[in-house]
Amino acid sequence: MKHYDIAIIGAGPAGQISAIAMARGGRRVALIGPQPDGSDRRTTALMHQSLEMMERLGLWNELRTKAAALSTMQIIDGTKRLLRAPTVAFRSAEIDLPAFGFNIPNAALVTALSQAVATEPLIERFSVAAGSIEIAEDLVTIRLPNDEILTADFVIGADGRQSKTRDSAGVGVKTWSYPQTAVVLNFAHTLPHQNTSTEFHTESGPFTQVPLPGMRSSLVWVVAPAEAERLIELDPARLSGEVESRMQSLLGKVTVEDGVQAWPLSGMTANHYGRGRAAFIGEAGHAFPPIGAQGLNLSLRDIAALEDILIDRRGDQITSSAGDRFDRKRRLDISSRTVSVDLLNRSLLSGLLPVQMMRAAGLQVLASFAPLRNLVMQEGVAPGRGLKSLPQVLREKIRR
């Protein structure tokens, strides 16, 4: 029977990064989960705070050449409603950053992380799904499909929405669904993107183009399920034409690449993000629509919180209350992000005039009042940073 300081269930990006972080902190780690198959065509936008963490862990240099900078992020009202919001552009130079973050293909991200895991001496890799997980007050016991038994002082569940780790800890979830499906694809274009990401707000949800290296971009197009079925059945030439039309030809002629995928949208949050000797990160703890580049960035903040709790340079054992400490530490951030993304998405779907007025008015304020826009940008790249600037923003508003 092998014993570890920490067992991590799930080997996607969140699981692999948490394994590397815990091992670099001196903990012996078992990483348990099938190897990702690399078929995910989606991309991940890692914001400035997340990139600082990736660089600290020695993971960023390998990925830099495969990523595209996000220097400008603009929102365009693409609806045909009576009340339309003004275009708002957020530029990283306004808050003294060369870029808000970088956009990375998920396949490249997983490959680089797998290579880093393989070279980390304190990580032992088990490329199988956990058979059973027993979380007791003093120990975590994991049985593998071949009946091998592992024990650990703590378990991190990074095993997705149907998390066996979370279920084993007796933690329930709250779920909800949206009448939307995200069509995900990559495309080439004839005009340079100039490191600008454009999000069109439409009646069915956001249509978000994000730069990739060279003359390429990724796209998340949120539509009604029936429309998603129609789009993915189109031949490449017709789909390219529809993407170009929806983008108002901002990037010239569009050529959609192979591998178009569709993902139904739903939301989920765990009733607790940690309990006893367990914590639930990534989509084991929280999941919501692909709006505002929150997914993996929120997971990395989960991992940073676990570093604070689980890594002890004195070599002390992990306590039985570590999961409860993690739950308290992460609750406000996760709850606030979940609510804000949900409200924004529902505001796009609403046909109520007061809701449209509030959304348009909010974007008008951001477009015209630079200090508030800067606060929003700072909060986006490093949660908490913008709130520290709030008193100064209010004083400037009063002076005006």
# chains A, B, ... in the order shown; residues from 1 in each chain; ligands from 1
>>> residues_around(residues="region 210-227 of chain A", least_positions_apart="6", cutoff="8 Å", atoms="only C-alpha atoms", output="PyMOL selection string")
chain A and resi 42-43+66-70+103-104+179-193+195-198+204+264+290
>>> write_last_selection(atoms="C-alpha atoms", output="compact mmCIF listing (two decimals), in the first residue's frame")
# COMPACT_ATOMS: atom_id res chain seq x y z
CA ARG A 42 -11.41 24.78 -27.40
CA THR A 43 -8.89 27.36 -26.24
CA LYS A 66 1.82 28.59 -28.86
CA ALA A 67 -0.24 31.45 -27.41
CA ALA A 68 -1.53 34.81 -28.65
CA ALA A 69 -1.57 37.97 -26.55
CA LEU A 70 -4.86 39.64 -25.61
CA ASN A 103 -5.05 32.58 -25.48
CA ILE A 104 -3.80 28.98 -25.64
CA PRO A 179 -31.46 27.19 -23.51
CA GLN A 180 -28.12 27.57 -25.28
CA THR A 181 -25.34 25.59 -26.94
CA ALA A 182 -21.80 26.82 -27.56
CA VAL A 183 -20.46 26.14 -31.05
CA VAL A 184 -16.66 26.04 -30.77
CA LEU A 185 -14.26 26.32 -33.70
CA ASN A 186 -11.01 27.80 -34.97
CA PHE A 187 -10.70 29.81 -38.17
CA ALA A 188 -8.17 31.55 -40.39
CA HIS A 189 -8.71 35.11 -41.61
CA THR A 190 -7.15 37.51 -44.11
CA LEU A 191 -6.88 40.59 -41.88
CA PRO A 192 -4.67 40.65 -38.75
CA HIS A 193 -6.47 40.43 -35.40
CA ASN A 195 -4.20 40.89 -30.55
CA THR A 196 -7.82 42.06 -30.18
CA SER A 197 -10.61 39.86 -28.86
CA THR A 198 -14.11 40.87 -29.91
CA SER A 204 -28.93 34.20 -28.24
CA PRO A 264 -24.62 22.45 -24.31
CA PRO A 290 -17.80 30.48 -21.32
>>> residues_around(residues="Phe100 (chain A)", least_positions_apart="5", cutoff="6 Å", atoms="only C-alpha atoms", output="PDB file with N, CA and C atoms, in the first residue's frame")
ATOM      1  N   MET A  47      -5.465  34.800 -17.889  1.00  0.00           N
ATOM      2  CA  MET A  47      -5.283  36.210 -17.612  1.00  0.00           C
ATOM      3  C   MET A  47      -3.990  36.440 -16.820  1.00  0.00           C
ATOM      4  N   HIS A  48      -3.656  37.720 -16.632  1.00  0.00           N
ATOM      5  CA  HIS A  48      -2.346  38.120 -16.114  1.00  0.00           C
ATOM      6  C   HIS A  48      -1.991  37.427 -14.802  1.00  0.00           C
ATOM      7  N   LEU A  70      -3.571  38.933 -25.611  1.00  0.00           N
ATOM      8  CA  LEU A  70      -4.859  39.638 -25.611  1.00  0.00           C
ATOM      9  C   LEU A  70      -4.611  41.048 -25.095  1.00  0.00           C
ATOM     10  N   SER A  71      -4.397  41.981 -26.014  1.00  0.00           N
ATOM     11  CA  SER A  71      -4.076  43.354 -25.632  1.00  0.00           C
ATOM     12  C   SER A  71      -5.297  44.262 -25.607  1.00  0.00           C
ATOM     13  N   SER A  92      -5.244  46.960 -22.487  1.00  0.00           N
ATOM     14  CA  SER A  92      -4.361  46.629 -21.371  1.00  0.00           C
ATOM     15  C   SER A  92      -3.394  47.757 -21.057  1.00  0.00           C
TER      16      SER A  92
END
>>> residues_around(residues="Gln162 (chain A)", least_positions_apart="5", cutoff="9 Å", atoms="only C-alpha atoms", output="list of chain:residue names")
A:Asp167, A:Glu283, A:Ala284
>>> write_last_selection(atoms="N, CA and C atoms", output="PDB file, in the first residue's frame")
ATOM      1  N   ASP A 167     -18.704  13.356  -4.590  1.00  0.00           N
ATOM      2  CA  ASP A 167     -19.753  12.436  -4.143  1.00  0.00           C
ATOM      3  C   ASP A 167     -19.280  11.616  -2.941  1.00  0.00           C
ATOM      4  N   GLU A 283     -14.145  22.185 -12.420  1.00  0.00           N
ATOM      5  CA  GLU A 283     -15.556  21.866 -12.617  1.00  0.00           C
ATOM      6  C   GLU A 283     -16.077  20.826 -11.631  1.00  0.00           C
ATOM      7  N   ALA A 284     -15.236  20.323 -10.740  1.00  0.00           N
ATOM      8  CA  ALA A 284     -15.745  19.525  -9.621  1.00  0.00           C
ATOM      9  C   ALA A 284     -16.403  20.429  -8.581  1.00  0.00           C
TER      10      ALA A 284
END
>>> closest_residue(among="A:Thr79, A:Thr151, A:Asn297, A:Thr44", to="His3 (chain A)", atoms="only C-alpha atoms")
A:Thr151
>>> closest_residue(among="A:Pro206, A:Pro236, A:Gly160, A:Gly252", to="Met268 (chain A)", atoms="only C-alpha atoms")
A:Gly160
>>> residues_around(residues="Ala21 (chain A)", least_positions_apart="2", cutoff="10 Å", atoms="only C-alpha atoms", output="ChimeraX atom specification")
/A:15-19,23-27,29,53-54,56-58,303-304,306-307,311
>>> residues_around(residues="region 270-273 of chain A", least_positions_apart="3", cutoff="10 Å", atoms="only C-alpha atoms", output="PyMOL selection string")
chain A and resi 157+161+166+169-175+278-287+302+323-331+334
>>> select_by_dssp(residues="region 99-238 of chain A", states="helix (DSSP H, G or I)", output="tab-separated table (two decimals) with C-alpha atoms, in the first residue's frame")
chain	number	residue	atom	x	y	z
A	106	ASN	CA	-6.32	23.38	-24.90
A	107	ALA	CA	-4.52	20.57	-26.74
A	108	ALA	CA	-1.19	22.44	-26.51
A	109	LEU	CA	-1.83	23.27	-22.86
A	110	VAL	CA	-2.52	19.65	-21.90
A	111	THR	CA	0.53	18.40	-23.81
A	112	ALA	CA	2.88	20.83	-22.05
A	113	LEU	CA	1.39	20.02	-18.65
A	114	SER	CA	1.71	16.26	-19.25
A	115	GLN	CA	5.39	16.69	-20.08
A	116	ALA	CA	5.96	18.72	-16.91
A	117	VAL	CA	4.16	16.10	-14.78
A	118	ALA	CA	6.32	13.33	-16.27
A	164	LYS	CA	-16.54	10.94	-7.72
A	165	THR	CA	-14.39	12.75	-5.16
A	166	ARG	CA	-17.16	15.21	-4.32
A	167	ASP	CA	-19.75	12.44	-4.14
A	168	SER	CA	-17.48	10.39	-1.86
A	225	PRO	CA	-29.65	24.28	-29.55
A	226	ALA	CA	-31.54	23.96	-32.85
A	227	GLU	CA	-29.35	26.68	-34.40
A	228	ALA	CA	-26.23	24.90	-33.14
A	229	GLU	CA	-27.32	21.71	-34.91
A	230	ARG	CA	-27.85	23.67	-38.12
A	231	LEU	CA	-24.45	25.35	-37.92
A	232	ILE	CA	-22.41	22.21	-37.30
A	233	GLU	CA	-24.12	20.48	-40.25
A	236	PRO	CA	-17.14	24.53	-44.31
A	237	ALA	CA	-17.65	27.19	-47.00
A	238	ARG	CA	-21.17	28.09	-45.85
>>> residues_around(residues="Arg143 (chain A)", least_positions_apart="6", cutoff="6 Å", atoms="only C-alpha atoms", output="number ranges by chain")
A: 131-132, 149
>>> write_last_selection(atoms="N, CA, C and O atoms", output="mmCIF file, in the first residue's frame")
data_model
loop_
_atom_site.group_PDB
_atom_site.id
_atom_site.type_symbol
_atom_site.label_atom_id
_atom_site.label_comp_id
_atom_site.auth_asym_id
_atom_site.auth_seq_id
_atom_site.Cartn_x
_atom_site.Cartn_y
_atom_site.Cartn_z
ATOM 1 N N GLY A 131 -11.230 3.786 -8.769
ATOM 2 C CA GLY A 131 -12.350 2.876 -8.602
ATOM 3 C C GLY A 131 -13.274 3.307 -7.485
ATOM 4 O O GLY A 131 -14.486 3.390 -7.642
ATOM 5 N N SER A 132 -12.698 3.590 -6.320
ATOM 6 C CA SER A 132 -13.477 4.063 -5.176
ATOM 7 C C SER A 132 -12.607 4.988 -4.340
ATOM 8 O O SER A 132 -11.375 4.895 -4.355
ATOM 9 N N ILE A 149 -4.321 -0.346 -3.850
ATOM 10 C CA ILE A 149 -4.855 0.602 -2.876
ATOM 11 C C ILE A 149 -3.800 1.669 -2.568
ATOM 12 O O ILE A 149 -2.640 1.353 -2.280
#
>>> select_by_dssp(residues="region 153-374 of chain A", states="strand (DSSP E)", output="PyMOL selection string")
chain A and resi 153-157+173-189+196-202+205-212+216-223+254-256+261-270+274-275+278-280+286-287
>>> decode(residues="region 56-81 of chain A", atoms="N, CA, C and O atoms", output="PDB file, in the first residue's frame")
ATOM      1  N   ARG A  56       5.654  31.196 -12.316  1.00  0.00           N
ATOM      2  CA  ARG A  56       6.268  30.800 -11.042  1.00  0.00           C
ATOM      3  C   ARG A  56       6.475  29.288 -10.973  1.00  0.00           C
ATOM      4  O   ARG A  56       7.469  28.825 -10.402  1.00  0.00           O
ATOM      5  N   LEU A  57       5.573  28.527 -11.579  1.00  0.00           N
ATOM      6  CA  LEU A  57       5.675  27.074 -11.570  1.00  0.00           C
ATOM      7  C   LEU A  57       6.564  26.548 -12.701  1.00  0.00           C
ATOM      8  O   LEU A  57       6.718  25.332 -12.856  1.00  0.00           O
ATOM      9  N   GLY A  58       7.115  27.458 -13.509  1.00  0.00           N
ATOM     10  CA  GLY A  58       7.999  27.042 -14.584  1.00  0.00           C
ATOM     11  C   GLY A  58       7.279  26.447 -15.777  1.00  0.00           C
ATOM     12  O   GLY A  58       7.870  25.667 -16.538  1.00  0.00           O
ATOM     13  N   LEU A  59       6.020  26.814 -15.992  1.00  0.00           N
ATOM     14  CA  LEU A  59       5.212  26.215 -17.044  1.00  0.00           C
ATOM     15  C   LEU A  59       4.985  27.134 -18.245  1.00  0.00           C
ATOM     16  O   LEU A  59       4.519  26.675 -19.287  1.00  0.00           O
ATOM     17  N   TRP A  60       5.305  28.398 -18.109  1.00  0.00           N
ATOM     18  CA  TRP A  60       4.889  29.362 -19.121  1.00  0.00           C
ATOM     19  C   TRP A  60       5.802  29.371 -20.341  1.00  0.00           C
ATOM     20  O   TRP A  60       5.337  29.520 -21.478  1.00  0.00           O
ATOM     21  N   ASN A  61       7.111  29.213 -20.178  1.00  0.00           N
ATOM     22  CA  ASN A  61       8.026  29.304 -21.322  1.00  0.00           C
ATOM     23  C   ASN A  61       7.686  28.309 -22.416  1.00  0.00           C
ATOM     24  O   ASN A  61       7.778  28.618 -23.606  1.00  0.00           O
ATOM     25  N   GLU A  62       7.270  27.117 -22.036  1.00  0.00           N
ATOM     26  CA  GLU A  62       6.926  26.090 -23.014  1.00  0.00           C
ATOM     27  C   GLU A  62       5.683  26.463 -23.817  1.00  0.00           C
ATOM     28  O   GLU A  62       5.520  26.068 -24.977  1.00  0.00           O
ATOM     29  N   LEU A  63       4.808  27.258 -23.220  1.00  0.00           N
ATOM     30  CA  LEU A  63       3.531  27.586 -23.840  1.00  0.00           C
ATOM     31  C   LEU A  63       3.537  28.918 -24.595  1.00  0.00           C
ATOM     32  O   LEU A  63       2.678  29.161 -25.436  1.00  0.00           O
ATOM     33  N   ARG A  64       4.478  29.764 -24.286  1.00  0.00           N
ATOM     34  CA  ARG A  64       4.463  31.134 -24.813  1.00  0.00           C
ATOM     35  C   ARG A  64       4.377  31.175 -26.344  1.00  0.00           C
ATOM     36  O   ARG A  64       3.629  31.980 -26.913  1.00  0.00           O
ATOM     37  N   THR A  65       5.135  30.318 -27.018  1.00  0.00           N
ATOM     38  CA  THR A  65       5.168  30.357 -28.483  1.00  0.00           C
ATOM     39  C   THR A  65       3.885  29.840 -29.114  1.00  0.00           C
ATOM     40  O   THR A  65       3.649  30.044 -30.303  1.00  0.00           O
ATOM     41  N   LYS A  66       3.060  29.156 -28.335  1.00  0.00           N
ATOM     42  CA  LYS A  66       1.819  28.590 -28.863  1.00  0.00           C
ATOM     43  C   LYS A  66       0.609  29.458 -28.524  1.00  0.00           C
ATOM     44  O   LYS A  66      -0.529  29.070 -28.796  1.00  0.00           O
ATOM     45  N   ALA A  67       0.854  30.602 -27.908  1.00  0.00           N
ATOM     46  CA  ALA A  67      -0.239  31.446 -27.412  1.00  0.00           C
ATOM     47  C   ALA A  67      -0.227  32.807 -28.103  1.00  0.00           C
ATOM     48  O   ALA A  67       0.784  33.260 -28.621  1.00  0.00           O
ATOM     49  N   ALA A  68      -1.381  33.459 -28.085  1.00  0.00           N
ATOM     50  CA  ALA A  68      -1.526  34.805 -28.648  1.00  0.00           C
ATOM     51  C   ALA A  68      -1.914  35.780 -27.550  1.00  0.00           C
ATOM     52  O   ALA A  68      -2.758  35.474 -26.704  1.00  0.00           O
ATOM     53  N   ALA A  69      -1.294  36.959 -27.575  1.00  0.00           N
ATOM     54  CA  ALA A  69      -1.572  37.967 -26.553  1.00  0.00           C
ATOM     55  C   ALA A  69      -2.965  38.570 -26.733  1.00  0.00           C
ATOM     56  O   ALA A  69      -3.472  38.684 -27.857  1.00  0.00           O
ATOM     57  N   LEU A  70      -3.571  38.933 -25.611  1.00  0.00           N
ATOM     58  CA  LEU A  70      -4.859  39.638 -25.611  1.00  0.00           C
ATOM     59  C   LEU A  70      -4.611  41.048 -25.095  1.00  0.00           C
ATOM     60  O   LEU A  70      -4.599  41.290 -23.893  1.00  0.00           O
ATOM     61  N   SER A  71      -4.397  41.981 -26.014  1.00  0.00           N
ATOM     62  CA  SER A  71      -4.076  43.354 -25.632  1.00  0.00           C
ATOM     63  C   SER A  71      -5.297  44.262 -25.607  1.00  0.00           C
ATOM     64  O   SER A  71      -5.314  45.267 -24.888  1.00  0.00           O
ATOM     65  N   THR A  72      -6.299  43.943 -26.405  1.00  0.00           N
ATOM     66  CA  THR A  72      -7.542  44.712 -26.429  1.00  0.00           C
ATOM     67  C   THR A  72      -8.715  43.737 -26.395  1.00  0.00           C
ATOM     68  O   THR A  72      -8.697  42.714 -27.090  1.00  0.00           O
ATOM     69  N   MET A  73      -9.697  44.055 -25.571  1.00  0.00           N
ATOM     70  CA  MET A  73     -10.915  43.246 -25.515  1.00  0.00           C
ATOM     71  C   MET A  73     -12.094  44.190 -25.695  1.00  0.00           C
ATOM     72  O   MET A  73     -12.272  45.113 -24.899  1.00  0.00           O
ATOM     73  N   GLN A  74     -12.854  43.998 -26.759  1.00  0.00           N
ATOM     74  CA  GLN A  74     -13.946  44.914 -27.045  1.00  0.00           C
ATOM     75  C   GLN A  74     -15.287  44.185 -27.063  1.00  0.00           C
ATOM     76  O   GLN A  74     -15.364  43.005 -27.412  1.00  0.00           O
ATOM     77  N   ILE A  75     -16.315  44.905 -26.641  1.00  0.00           N
ATOM     78  CA  ILE A  75     -17.679  44.382 -26.619  1.00  0.00           C
ATOM     79  C   ILE A  75     -18.507  45.191 -27.604  1.00  0.00           C
ATOM     80  O   ILE A  75     -18.541  46.421 -27.530  1.00  0.00           O
ATOM     81  N   ILE A  76     -19.163  44.506 -28.520  1.00  0.00           N
ATOM     82  CA  ILE A  76     -19.995  45.144 -29.530  1.00  0.00           C
ATOM     83  C   ILE A  76     -21.413  44.610 -29.396  1.00  0.00           C
ATOM     84  O   ILE A  76     -21.624  43.396 -29.325  1.00  0.00           O
ATOM     85  N   ASP A  77     -22.371  45.500 -29.334  1.00  0.00           N
ATOM     86  CA  ASP A  77     -23.775  45.088 -29.272  1.00  0.00           C
ATOM     87  C   ASP A  77     -24.211  44.657 -30.667  1.00  0.00           C
ATOM     88  O   ASP A  77     -24.368  45.482 -31.566  1.00  0.00           O
ATOM     89  N   GLY A  78     -24.373  43.353 -30.843  1.00  0.00           N
ATOM     90  CA  GLY A  78     -24.777  42.817 -32.137  1.00  0.00           C
ATOM     91  C   GLY A  78     -26.241  42.471 -32.213  1.00  0.00           C
ATOM     92  O   GLY A  78     -26.665  41.753 -33.127  1.00  0.00           O
ATOM     93  N   THR A  79     -27.028  42.987 -31.268  1.00  0.00           N
ATOM     94  CA  THR A  79     -28.467  42.714 -31.289  1.00  0.00           C
ATOM     95  C   THR A  79     -29.173  43.672 -32.245  1.00  0.00           C
ATOM     96  O   THR A  79     -28.597  44.656 -32.710  1.00  0.00           O
ATOM     97  N   LYS A  80     -30.428  43.378 -32.499  1.00  0.00           N
ATOM     98  CA  LYS A  80     -31.259  44.261 -33.325  1.00  0.00           C
ATOM     99  C   LYS A  80     -32.355  44.899 -32.486  1.00  0.00           C
ATOM    100  O   LYS A  80     -33.401  45.302 -33.003  1.00  0.00           O
ATOM    101  N   ARG A  81     -32.099  45.004 -31.186  1.00  0.00           N
ATOM    102  CA  ARG A  81     -33.101  45.530 -30.271  1.00  0.00           C
ATOM    103  C   ARG A  81     -33.167  47.057 -30.341  1.00  0.00           C
ATOM    104  O   ARG A  81     -32.243  47.704 -30.838  1.00  0.00           O
TER     105      ARG A  81
END
